[in-house]
file my_file_35.txt (compact mmCIF, C-alpha atoms)
# COMPACT_ATOMS: atom_id res chain seq x y z
CA MET S 1 70.44 158.36 85.59
CA ASP S 2 71.65 161.82 84.62
CA VAL S 3 74.39 162.43 82.06
CA ILE S 4 77.19 162.49 84.64
CA GLU S 5 76.12 159.17 86.16
CA VAL S 6 75.89 157.61 82.69
CA LEU S 7 79.44 158.74 81.92
CA LEU S 8 80.67 157.52 85.31
CA SER S 9 78.94 154.19 84.77
CA ALA S 10 80.65 153.84 81.37
CA VAL S 11 84.06 154.74 82.79
CA PHE S 12 83.84 152.32 85.71
CA ASN S 13 82.53 149.63 83.38
CA ILE S 14 85.86 149.98 81.53
CA LEU S 15 87.59 149.18 84.82
CA GLY S 16 85.39 146.12 85.22
CA ILE S 17 86.27 144.87 81.73
CA TYR S 18 89.95 145.45 82.46
CA MET S 19 89.61 143.30 85.60
CA ASN S 20 88.11 140.53 83.47
CA PHE S 21 91.04 140.66 81.06
CA ARG S 22 93.52 140.78 83.95
CA PHE S 23 91.85 137.75 85.55
CA ILE S 24 91.94 135.79 82.30
CA SER S 25 95.66 136.57 81.95
CA ILE S 26 96.30 134.54 85.12
CA PHE S 27 95.42 131.38 83.21
CA LEU S 28 96.25 132.21 79.58
CA GLU S 29 99.42 133.31 77.81
CA LYS S 30 99.07 136.42 75.66
CA ARG S 31 99.92 136.24 71.99
CA LYS S 32 102.60 138.57 70.67
CA LEU S 33 100.34 140.96 68.78
CA ARG S 34 100.55 144.61 67.94
CA HIS S 35 99.48 146.89 70.76
CA HIS S 36 96.77 148.63 68.77
CA LEU S 37 95.03 145.28 68.14
CA ASN S 38 94.90 144.59 71.88
CA VAL S 39 93.44 148.05 72.48
CA LEU S 40 90.90 147.63 69.67
CA VAL S 41 89.65 144.27 70.98
CA PHE S 42 89.42 145.65 74.52
CA PHE S 43 87.49 148.71 73.31
CA LEU S 44 85.02 146.63 71.28
CA VAL S 45 84.36 144.27 74.20
CA TRP S 46 83.71 147.22 76.47
CA ILE S 47 81.50 149.28 74.15
CA ILE S 48 79.33 146.32 73.07
CA ASN S 49 78.89 144.96 76.58
CA TRP S 50 78.18 148.33 78.14
CA GLY S 51 75.77 149.18 75.30
CA ILE S 52 73.81 145.97 75.92
CA TYR S 53 73.76 146.67 79.65
CA PHE S 54 72.69 150.29 79.20
CA VAL S 55 69.95 149.58 76.62
CA TYR S 56 68.44 146.37 78.00
CA ASN S 57 69.66 146.25 81.63
CA GLN S 58 69.00 142.50 81.86
CA VAL S 59 71.34 140.43 83.98
CA LEU S 60 71.16 137.22 81.96
CA LEU S 61 71.58 139.04 78.66
CA THR S 62 74.53 141.03 79.99
CA THR S 63 76.16 137.88 81.41
CA GLY S 64 75.70 135.99 78.15
CA SER S 65 77.10 138.86 76.10
CA ILE S 66 80.19 139.30 78.26
CA PHE S 67 80.83 135.55 78.10
CA LEU S 68 80.71 135.51 74.29
CA LEU S 69 82.71 138.72 73.96
CA LEU S 70 85.44 137.52 76.33
CA LEU S 71 85.58 134.19 74.49
CA ILE S 72 86.05 135.95 71.15
CA ALA S 73 88.69 138.20 72.72
CA ALA S 74 90.47 135.18 74.23
CA VAL S 75 90.56 133.41 70.85
CA ILE S 76 92.14 136.50 69.27
CA LEU S 77 94.52 137.61 72.02
CA TYR S 78 95.56 134.49 73.95
CA GLU S 79 97.31 131.18 73.38
CA GLY S 80 95.84 127.86 74.42
CA SER S 81 93.02 125.49 73.55
CA ILE S 82 89.38 126.58 73.37
CA VAL S 83 88.59 124.45 76.44
CA ARG S 84 91.22 126.24 78.49
CA LYS S 85 89.89 129.61 77.31
CA ILE S 86 86.33 128.70 78.29
CA PHE S 87 87.70 127.56 81.66
CA ALA S 88 89.48 130.90 82.21
CA ILE S 89 86.36 132.90 81.30
CA CYS S 90 84.11 130.80 83.55
CA CYS S 91 86.53 131.38 86.44
CA THR S 92 86.50 135.10 85.76
CA LEU S 93 82.74 135.43 85.54
CA ALA S 94 82.04 133.17 88.52
CA VAL S 95 84.22 135.32 90.77
CA SER S 96 83.17 138.71 89.37
CA ILE S 97 79.44 137.91 89.47
CA LEU S 98 79.70 136.67 93.05
CA VAL S 99 81.66 139.76 94.12
CA GLU S 100 79.23 142.07 92.32
CA ASP S 101 76.21 140.41 93.97
CA VAL S 102 77.78 140.71 97.44
CA VAL S 103 78.73 144.36 96.85
CA TRP S 104 75.22 145.28 95.75
CA ARG S 105 73.67 143.50 98.72
CA VAL S 106 75.88 145.57 101.00
CA PHE S 107 74.94 148.74 99.07
CA LEU S 108 71.25 148.02 99.66
CA TRP S 109 71.83 148.72 103.33
CA PHE S 110 72.47 152.38 102.42
CA ASP S 111 69.84 154.27 100.45
CA TRP S 112 72.25 156.81 98.92
CA LEU S 113 74.65 154.07 97.74
CA GLU S 114 71.79 152.07 96.26
CA LYS S 115 71.16 154.83 93.74
CA ALA S 116 74.81 155.29 92.70
CA GLU S 117 75.25 152.40 90.27
CA TYR S 118 78.69 153.54 89.15
CA MET S 119 79.95 153.20 92.74
CA GLY S 120 78.98 149.52 92.71
CA SER S 121 81.08 148.96 89.60
CA LEU S 122 84.00 150.78 91.20
CA VAL S 123 83.89 148.82 94.47
CA THR S 124 83.45 145.53 92.61
CA SER S 125 86.54 146.30 90.52
CA LEU S 126 88.57 147.20 93.63
CA VAL S 127 87.62 143.92 95.31
CA MET S 128 88.49 142.06 92.09
CA ILE S 129 91.92 143.73 92.07
CA GLY S 130 92.56 142.37 95.55
CA ILE S 131 91.48 138.86 94.57
CA ILE S 132 93.59 138.92 91.39
CA LEU S 133 96.68 140.08 93.29
CA ILE S 134 96.22 137.30 95.85
CA LEU S 135 95.84 134.64 93.16
CA GLU S 136 98.84 135.93 91.20
CA HIS S 137 101.06 136.12 94.25
CA PHE S 138 100.16 133.06 96.30
CA MET S 139 98.79 130.48 93.91
CA LEU S 140 99.14 130.68 90.19
CA ARG S 141 102.30 132.60 89.36
CA ASN S 142 104.99 130.76 87.35
CA LYS S 143 103.05 127.50 87.36
CA SER S 144 102.76 125.01 84.51
CA GLN S 145 99.15 124.79 83.44
CA TYR S 146 98.68 121.63 81.39
CA ILE S 147 96.01 119.77 83.26
CA SER S 148 93.87 117.34 81.29
CA LYS S 149 90.74 118.26 79.35
CA GLU S 150 88.65 116.17 81.72
CA SER S 151 89.86 118.26 84.67
CA TYR S 152 89.06 121.45 82.78
CA TYR S 153 85.55 120.17 82.02
CA ASN S 154 84.93 119.43 85.71
CA ILE S 155 86.14 122.86 86.82
CA ILE S 156 84.07 124.57 84.10
CA ILE S 157 80.95 122.76 85.36
CA VAL S 158 81.69 123.89 88.92
CA PHE S 159 82.06 127.55 87.94
CA LEU S 160 79.05 127.51 85.60
CA GLY S 161 77.03 126.02 88.43
CA ASN S 162 78.22 128.79 90.73
CA ILE S 163 77.19 131.45 88.20
CA VAL S 164 73.70 129.94 87.88
CA LEU S 165 73.31 129.61 91.64
CA VAL S 166 74.25 133.24 92.25
CA HIS S 167 71.63 134.36 89.71
CA ILE S 168 69.00 132.10 91.28
CA ILE S 169 69.77 133.33 94.77
CA GLY S 170 69.57 136.91 93.52
CA ARG S 171 66.12 136.35 92.02
CA LEU S 172 64.56 134.20 94.74
CA ALA S 173 66.11 135.35 98.00
CA ALA S 174 65.68 138.75 99.62
CA TRP S 175 68.88 140.68 100.10
CA ASP S 176 68.59 140.72 103.89
CA LYS S 177 67.81 137.02 104.43
CA VAL S 178 70.42 135.09 106.37
CA GLU S 179 69.92 132.05 104.13
CA SER S 180 70.97 133.99 101.02
CA TRP S 181 74.13 135.24 102.71
CA ILE S 182 75.00 131.73 103.87
CA ALA S 183 74.47 130.43 100.32
CA LEU S 184 76.74 133.13 98.87
CA CYS S 185 79.42 132.35 101.45
CA VAL S 186 79.25 128.66 100.53
CA ILE S 187 79.63 129.53 96.83
CA GLY S 188 82.61 131.71 97.68
CA LEU S 189 84.20 128.83 99.60
CA ILE S 190 83.58 126.51 96.64
CA ASN S 191 85.34 129.00 94.36
CA MET S 192 88.30 129.24 96.74
CA SER S 193 88.50 125.44 97.05
CA THR S 194 88.39 125.07 93.26
CA PHE S 195 91.29 127.49 92.84
CA PHE S 196 93.20 125.59 95.53
CA LEU S 197 92.59 122.25 93.80
CA TYR S 198 93.57 123.73 90.44
CA ASP S 199 96.80 124.96 91.98
CA LYS S 200 97.52 121.55 93.52
CA VAL S 201 96.93 119.79 90.20
CA ASN S 202 99.49 122.12 88.62
CA GLU S 203 101.90 121.47 91.47
CA SER S 204 101.41 117.73 91.08
CA TYR S 205 102.14 118.01 87.37
CA ARG S 206 105.30 119.98 88.10
CA ASN S 207 106.43 117.34 90.60
CA THR S 208 105.79 114.63 88.02
CA ILE S 209 107.99 116.45 85.50
CA GLU S 210 110.76 116.86 88.08
CA LYS S 211 110.53 113.17 88.98
CA ASN S 212 110.74 112.12 85.33
CA VAL S 213 113.69 114.46 84.77
CA PHE S 214 115.44 113.05 87.85
CA GLU S 215 114.93 109.47 86.69
CA GLU S 216 116.19 110.37 83.23
CA ARG S 217 119.28 112.00 84.71
CA VAL S 218 120.00 108.90 86.82
CA SER S 219 119.81 106.79 83.68
CA MET S 220 122.10 109.25 81.87
CA TYR S 221 124.61 109.13 84.72
CA ALA S 222 124.66 105.33 84.54
CA GLN S 223 125.29 105.40 80.79
CA GLN S 224 128.00 108.05 81.19
CA PHE S 225 129.76 105.95 83.84
CA GLU S 226 129.69 102.97 81.47
CA ILE S 227 131.27 105.11 78.75
CA MET S 228 133.93 106.37 81.17
CA GLU S 229 134.69 102.82 82.35
CA GLN S 230 134.98 101.52 78.80
CA THR S 231 137.21 104.45 77.84
CA GLN S 232 139.48 103.80 80.78
CA ASN S 233 139.69 100.08 79.94
CA ASN S 234 140.66 100.93 76.36
CA ILE S 235 143.32 103.37 77.56
CA ASN S 236 144.74 100.74 79.91
CA GLY S 237 144.80 98.18 77.10
CA ILE S 238 146.61 100.54 74.73
CA ARG S 239 149.07 101.57 77.44
CA HIS S 240 149.85 97.92 78.30
CA ASP S 241 150.76 97.08 74.69
CA MET S 242 152.11 100.50 73.72
CA LYS S 243 155.70 99.26 73.17
CA ASN S 244 154.52 96.52 70.83
CA HIS S 245 152.33 98.95 68.91
CA LEU S 246 155.17 101.45 68.52
CA HIS S 247 157.62 98.74 67.41
CA LEU S 248 155.22 97.52 64.72
CA ILE S 249 154.47 101.04 63.48
CA SER S 250 158.22 101.80 63.41
CA ALA S 251 158.84 98.60 61.43
CA TYR S 252 156.21 99.56 58.88
CA ILE S 253 157.80 102.98 58.44
CA GLU S 254 161.33 101.55 58.14
CA ASP S 255 160.13 99.16 55.43
CA GLY S 256 158.42 102.02 53.62
CA LYS S 257 154.97 100.56 54.27
CA TYR S 258 153.41 103.91 55.03
CA ASP S 259 149.90 102.85 54.12
CA ALA S 260 150.16 99.90 56.50
CA ALA S 261 151.42 102.19 59.28
CA LYS S 262 148.58 104.62 58.64
CA ALA S 263 146.04 101.81 58.66
CA TYR S 264 147.44 100.46 61.93
CA VAL S 265 147.23 103.89 63.59
CA SER S 266 143.63 104.11 62.37
CA GLN S 267 142.92 100.73 63.99
CA ILE S 268 144.25 102.05 67.28
CA GLY S 269 141.98 105.09 66.93
CA ASP S 270 138.99 102.86 66.23
CA PHE S 271 139.84 100.80 69.30
CA MET S 272 139.86 103.96 71.39
CA ASN S 273 136.43 104.97 70.16
CA VAL S 274 133.74 104.09 72.68
CA ALA S 275 130.22 103.14 71.65
CA GLY S 276 127.76 105.79 72.77
CA ARG S 277 130.34 108.57 73.01
CA PHE S 278 129.28 111.09 70.39
CA VAL S 279 130.34 114.27 72.18
CA ASP S 280 133.03 114.95 74.75
CA THR S 281 132.77 118.61 75.73
CA GLY S 282 133.81 118.20 79.34
CA ASN S 283 130.42 119.58 80.37
CA ARG S 284 128.89 116.69 82.24
CA ASP S 285 125.22 117.63 81.78
CA VAL S 286 125.50 118.23 78.05
CA ASP S 287 127.58 115.10 77.46
CA MET S 288 125.14 112.92 79.36
CA ILE S 289 122.04 114.19 77.58
CA LEU S 290 123.48 114.24 74.07
CA ASN S 291 125.29 110.90 74.31
CA ARG S 292 122.16 109.16 75.51
CA MET S 293 119.81 110.68 72.94
CA LEU S 294 122.25 110.40 70.03
CA GLN S 295 122.80 106.74 70.86
CA LYS S 296 119.07 106.23 70.36
CA ALA S 297 119.31 107.99 67.00
CA GLN S 298 122.25 105.80 65.95
CA ASP S 299 120.28 102.69 66.91
CA MET S 300 117.80 103.75 64.21
CA ASP S 301 120.58 103.95 61.59
CA CYS S 302 120.30 107.73 61.58
CA LYS S 303 122.99 109.95 60.07
CA ILE S 304 124.13 112.29 62.85
CA GLU S 305 125.93 115.61 62.62
CA THR S 306 126.82 117.82 65.57
CA ASN S 307 128.34 121.23 66.14
CA ILE S 308 129.05 121.72 69.84
CA ALA S 309 130.97 124.68 71.25
CA ILE S 310 130.21 125.15 74.95
CA PRO S 311 132.25 125.73 78.10
CA LYS S 312 132.99 123.00 80.63
CA GLU S 313 131.51 125.15 83.38
CA THR S 314 127.80 125.04 84.18
CA PHE S 315 126.09 127.83 82.27
CA ILE S 316 122.42 126.87 82.65
CA SER S 317 120.29 124.97 85.16
CA GLY S 318 120.63 121.22 84.65
CA PHE S 319 116.86 120.90 85.10
CA ASP S 320 116.14 123.44 82.36
CA LEU S 321 118.80 121.94 80.09
CA ASN S 322 117.31 118.48 80.48
CA ILE S 323 113.81 119.77 79.66
CA LEU S 324 115.09 121.71 76.66
CA LEU S 325 117.40 119.16 75.04
CA GLY S 326 115.46 116.15 76.26
CA ASN S 327 112.16 117.28 74.72
CA LEU S 328 113.74 118.62 71.53
CA LEU S 329 115.61 115.38 70.88
CA ASP S 330 112.74 113.19 72.02
CA ASN S 331 110.46 114.92 69.51
CA ALA S 332 113.14 114.55 66.83
CA LEU S 333 113.54 110.82 67.54
CA GLU S 334 109.78 110.35 67.42
CA ALA S 335 109.72 112.01 63.99
CA LEU S 336 112.69 109.99 62.74
CA LYS S 337 110.84 106.75 63.47
CA ARG S 338 108.28 107.68 60.81
CA THR S 339 110.68 108.27 57.93
CA GLU S 340 113.20 106.12 56.09
CA ASN S 341 115.58 108.99 55.31
CA ARG S 342 116.92 109.60 58.81
CA TYR S 343 119.11 112.62 59.45
CA LEU S 344 119.68 114.55 62.69
CA TYR S 345 121.66 117.75 63.19
CA VAL S 346 122.31 119.10 66.68
CA GLU S 347 124.05 122.40 67.40
CA LEU S 348 124.88 123.99 70.75
CA ILE S 349 126.84 127.23 70.72
CA TYR S 350 127.53 129.31 73.85
CA ARG S 351 129.05 132.71 73.25
CA CYS S 352 128.82 136.02 75.18
CA ASN S 353 126.12 134.72 77.56
CA VAL S 354 123.97 133.59 74.64
CA LEU S 355 123.10 129.93 74.06
CA ILE S 356 122.06 128.90 70.56
CA VAL S 357 120.33 125.53 70.22
CA ARG S 358 119.43 124.01 66.86
CA VAL S 359 117.80 120.63 66.33
CA HIS S 360 117.04 119.78 62.70
CA ASN S 361 115.70 116.41 61.65
CA THR S 362 114.01 114.72 58.73
CA TYR S 363 110.37 113.67 59.12
CA ASP S 364 107.48 112.33 57.05
CA GLY S 365 106.14 115.77 56.15
CA ILE S 366 103.02 115.50 58.33
CA VAL S 367 102.50 118.23 60.94
CA LYS S 368 99.66 118.37 63.46
CA LYS S 369 98.86 121.79 64.93
CA ARG S 370 96.16 123.44 67.01
CA GLY S 371 96.51 127.14 66.34
CA SER S 372 100.20 127.88 66.87
CA THR S 373 100.69 124.81 69.10
CA TYR S 374 102.37 121.73 67.68
CA LEU S 375 100.70 118.47 68.72
CA THR S 376 102.26 115.11 69.42
CA ARG S 377 101.45 112.10 67.27
CA LYS S 378 102.12 109.69 70.10
CA GLN S 379 99.39 107.37 71.35
CA GLU S 380 99.12 109.28 74.66
CA LYS S 381 96.67 111.90 73.38
CA GLY S 382 96.42 113.51 76.82
CA CYS S 383 100.01 114.72 76.35
CA HIS S 384 99.31 116.76 73.20
CA GLY S 385 102.06 119.34 72.76
CA ILE S 386 103.25 119.19 76.37
CA GLY S 387 106.89 118.72 75.31
CA MET S 388 106.78 121.84 73.14
CA LYS S 389 105.01 123.74 75.93
CA ASN S 390 107.74 122.77 78.38
CA ILE S 391 110.32 123.96 75.87
CA SER S 392 108.44 127.25 75.51
CA GLU S 393 108.45 127.67 79.30
CA VAL S 394 112.24 127.37 79.41
CA VAL S 395 112.58 129.81 76.51
CA LYS S 396 110.33 132.27 78.29
CA ARG S 397 112.22 131.87 81.57
CA TYR S 398 115.42 133.03 79.89
CA GLU S 399 113.64 135.70 77.83
CA GLY S 400 114.71 133.83 74.72
CA GLU S 401 113.35 133.31 71.23
CA GLN S 402 112.12 130.20 69.46
CA GLN S 403 111.56 129.63 65.77
CA ILE S 404 110.12 126.54 64.10
CA GLU S 405 110.40 125.98 60.35
CA THR S 406 109.11 123.04 58.35
CA ASP S 407 109.18 121.90 54.76
CA LYS S 408 108.36 118.57 53.13
CA GLU S 409 111.46 116.86 54.53
CA MET S 410 112.98 118.87 57.41
CA PHE S 411 111.63 119.94 60.79
CA LYS S 412 113.83 122.70 62.23
CA VAL S 413 113.75 124.16 65.73
CA ASP S 414 116.08 127.10 66.45
CA ILE S 415 116.28 128.55 69.96
CA VAL S 416 118.23 131.44 71.47
CA LEU S 417 118.52 131.84 75.26
CA TYR S 418 119.99 134.85 77.03
CA LEU S 419 121.89 133.59 80.06
CA LYS S 420 123.75 135.17 82.91
CA SER S 421 127.52 135.11 82.78
CA ILE S 422 129.04 131.89 84.12
CA ASP S 423 131.59 134.05 85.89
CA SER S 424 129.02 136.14 87.76
call {"tool": "encode", "arguments": {"input": "my_file_35.txt", "output": "structure tokens"}}
result
Amino acid sequence: MDVIEVLLSAVFNILGIYMNFRFISIFLEKRKLRHHLNVLVFFLVWIINWGIYFVYNQVLLTTGSIFLLLLIAAVILYEGSIVRKIFAICCTLAVSILVEDVVWRVFLWFDWLEKAEYMGSLVTSLVMIGIILILEHFMLRNKSQYISKESYYNIIIVFLGNIVLVHIIGRLAAWDKVESWIALCVIGLINMSTFFLYDKVNESYRNTIEKNVFEERVSMYAQQFEIMEQTQNNINGIRHDMKNHLHLISAYIEDGKYDAAKAYVSQIGDFMNVAGRFVDTGNRDVDMILNRMLQKAQDMDCKIETNIAIPKETFISGFDLNILLGNLLDNALEALKRTENRYLYVELIYRCNVLIVRVHNTYDGIVKKRGSTYLTRKQEKGCHGIGMKNISEVVKRYEGEQQIETDKEMFKVDIVLYLKSIDS
């Protein structure tokens, strides 16, 4: 290689590394880090990997180095568990190695292309761009990605097997043998099928969430109808005896028994109060969710405070609202079960197309986290942190902000969502 080809090889290797990062980003959420840190990590991954390739030029060594470097980069730059990061990297390498092997086999048909190594890197990157765009557009965009660890393990094994098979085929089979091309095509089909199955698992999970939300909303509607029926019965009862009530109150006042009159009016107010009716905003979705969840808190002898100021009109998707409030309050109730000092504060403020949600509750002071992800302490360990992840998805969908603060007694979640005008 002359100097120009070395420089071209280095430049196109940068493009290859960028494709790897772009591919990983399909599966992993980027952390909010300073831009210069992202650039530094990318530069280090590129310079180390290309240096190893240039000095040793060994396929296995280069593959191993890029795997470790991408894993380190994923730990620094991306959210998610280590298993999910290994899964994303195995997907990336399985596809890129297969594409690279196919490109070089095609290049071997042409003597002048066989000598231009930098062209192979360029073409491989262009093919990878096409694959990434297809995956982003048709399969994996805006999908929840919380499949179980066991499923991740199985997919990792499939992609690792594909990587090994491509290397074996490259070492044992001649480039022009039909058998080697058939084997590579089969590996490519396996990769495509694995992506398809991964996408279907995500879709199945999404459908499960929607089903659970629908069932929860049906239950909330039933409770709200009971509250409305009880309220109406109380109103009818008061109306039927209104003359008698007014006569008695008037008699108390005429006799100067003001305290008795006040107490009697208070009794009427207590009679009008309906069990399970904690908020009455006129917004059906909010009333249903809050009345149901706050009833559960009251059943635990929890002190409840609310500050609700929202319009009667729909201002956010009922599905998103149910996920947001349902998960926040469900997590709060789970924490309240583990402490004797039970206190719950719920605030919903809608003003100028901005929704502020605050859920503060006491807890036992124990927090389980994996990185920046809060983990559940429920028995269903396969559901670790899914509620908080669903909340984060809603926050992201509305380009909002989320802040979690904890001390020895209080667990506080504050969320701001930027919504479209309800008049638009």
call {"tool": "atom_distance", "arguments": {"input": "my_file_35.txt", "atom1": "atom CA of Val359 of chain S", "atom2": "atom CA of Val394 of chain S"}}
result
15.7 Å
call {"tool": "residues_around", "arguments": {"input": "my_file_35.txt", "residues": "Phe42 of chain S", "least_positions_apart": "4", "cutoff": "9 Å", "atoms": "all atoms listed in the file", "output": "list of chain:residue names"}}
result
S:Ile14, S:Ile17, S:Tyr18, S:Phe21, S:Leu37, S:Asn38, S:Trp46, S:Ile47, S:Ala73
call {"tool": "closest_residue", "arguments": {"input": "my_file_35.txt", "among": "S:Glu405, S:Asp280, S:Glu136, S:Glu334", "to": "Lys312 of chain S", "atoms": "only C-alpha atoms"}}
result
S:Asp280
call {"tool": "closest_residue", "arguments": {"input": "my_file_35.txt", "among": "S:Asn307, S:Gln402, S:Ser151, S:Ser317", "to": "Tyr345 of chain S", "atoms": "only C-alpha atoms"}}
result
S:Asn307
call {"tool": "closest_residue", "arguments": {"input": "my_file_35.txt", "among": "S:Val166, S:Ile187, S:Gly161, S:Glu399", "to": "Val59 of chain S", "atoms": "all atoms listed in the file"}}
result
S:Val166
call {"tool": "atom_distance", "arguments": {"input": "my_file_35.txt", "atom1": "atom CA of His360 of chain S", "atom2": "atom CA of Lys296 of chain S"}}
result
15.7 Å
call {"tool": "atom_distance", "arguments": {"input": "my_file_35.txt", "atom1": "atom CA of Arg105 of chain S", "atom2": "atom CA of Thr124 of chain S"}}
result
11.7 Å
call {"tool": "residues_near_point", "arguments": {"input": "my_file_35.txt", "point": "(111.9, 102.6, 63.1)", "cutoff": "7 Å", "atoms": "only C-alpha atoms", "output": "ChimeraX atom specification"}}
result
/S:300,337-338
call {"tool": "closest_residue", "arguments": {"input": "my_file_35.txt", "among": "S:Asn57, S:Thr281, S:Glu29, S:Phe159", "to": "Lys396 of chain S", "atoms": "all atoms listed in the file"}}
result
S:Glu29
call {"tool": "closest_residue", "arguments": {"input": "my_file_35.txt", "among": "S:Gln403, S:Asn154, S:Asn283, S:Asn327", "to": "Arg84 of chain S", "atoms": "all atoms listed in the file"}}
result
S:Asn154
call {"tool": "residues_around", "arguments": {"input": "my_file_35.txt", "residues": "Lys303 of chain S", "least_positions_apart": "3", "cutoff": "12 Å", "atoms": "all atoms listed in the file", "output": "PDB file with C-alpha atoms, keeping the file's coordinate frame"}}
result
ATOM      1  CA  LEU S 294     122.250 110.400  70.030  1.00  0.00           C
ATOM      2  CA  GLN S 295     122.800 106.740  70.860  1.00  0.00           C
ATOM      3  CA  LYS S 296     119.070 106.230  70.360  1.00  0.00           C
ATOM      4  CA  ALA S 297     119.310 107.990  67.000  1.00  0.00           C
ATOM      5  CA  GLN S 298     122.250 105.800  65.950  1.00  0.00           C
ATOM      6  CA  ASP S 299     120.280 102.690  66.910  1.00  0.00           C
ATOM      7  CA  MET S 300     117.800 103.750  64.210  1.00  0.00           C
ATOM      8  CA  THR S 306     126.820 117.820  65.570  1.00  0.00           C
ATOM      9  CA  LEU S 336     112.690 109.990  62.740  1.00  0.00           C
ATOM     10  CA  GLU S 340     113.200 106.120  56.090  1.00  0.00           C
ATOM     11  CA  ASN S 341     115.580 108.990  55.310  1.00  0.00           C
ATOM     12  CA  ARG S 342     116.920 109.600  58.810  1.00  0.00           C
ATOM     13  CA  TYR S 343     119.110 112.620  59.450  1.00  0.00           C
ATOM     14  CA  LEU S 344     119.680 114.550  62.690  1.00  0.00           C
ATOM     15  CA  TYR S 345     121.660 117.750  63.190  1.00  0.00           C
ATOM     16  CA  VAL S 346     122.310 119.100  66.680  1.00  0.00           C
ATOM     17  CA  HIS S 360     117.040 119.780  62.700  1.00  0.00           C
ATOM     18  CA  ASN S 361     115.700 116.410  61.650  1.00  0.00           C
ATOM     19  CA  THR S 362     114.010 114.720  58.730  1.00  0.00           C
TER      20      THR S 362
END
call {"tool": "residues_around", "arguments": {"input": "my_file_35.txt", "residues": "Ile24 of chain S", "least_positions_apart": "4", "cutoff": "8 Å", "atoms": "all atoms listed in the file", "output": "VMD selection string"}}
result
chain S and resid 20 28 88 to 89 92
call {"tool": "closest_residue", "arguments": {"input": "my_file_35.txt", "among": "S:Leu44, S:Cys352, S:Ala74, S:Val102", "to": "Ile182 of chain S", "atoms": "all atoms listed in the file"}}
result
S:Val102
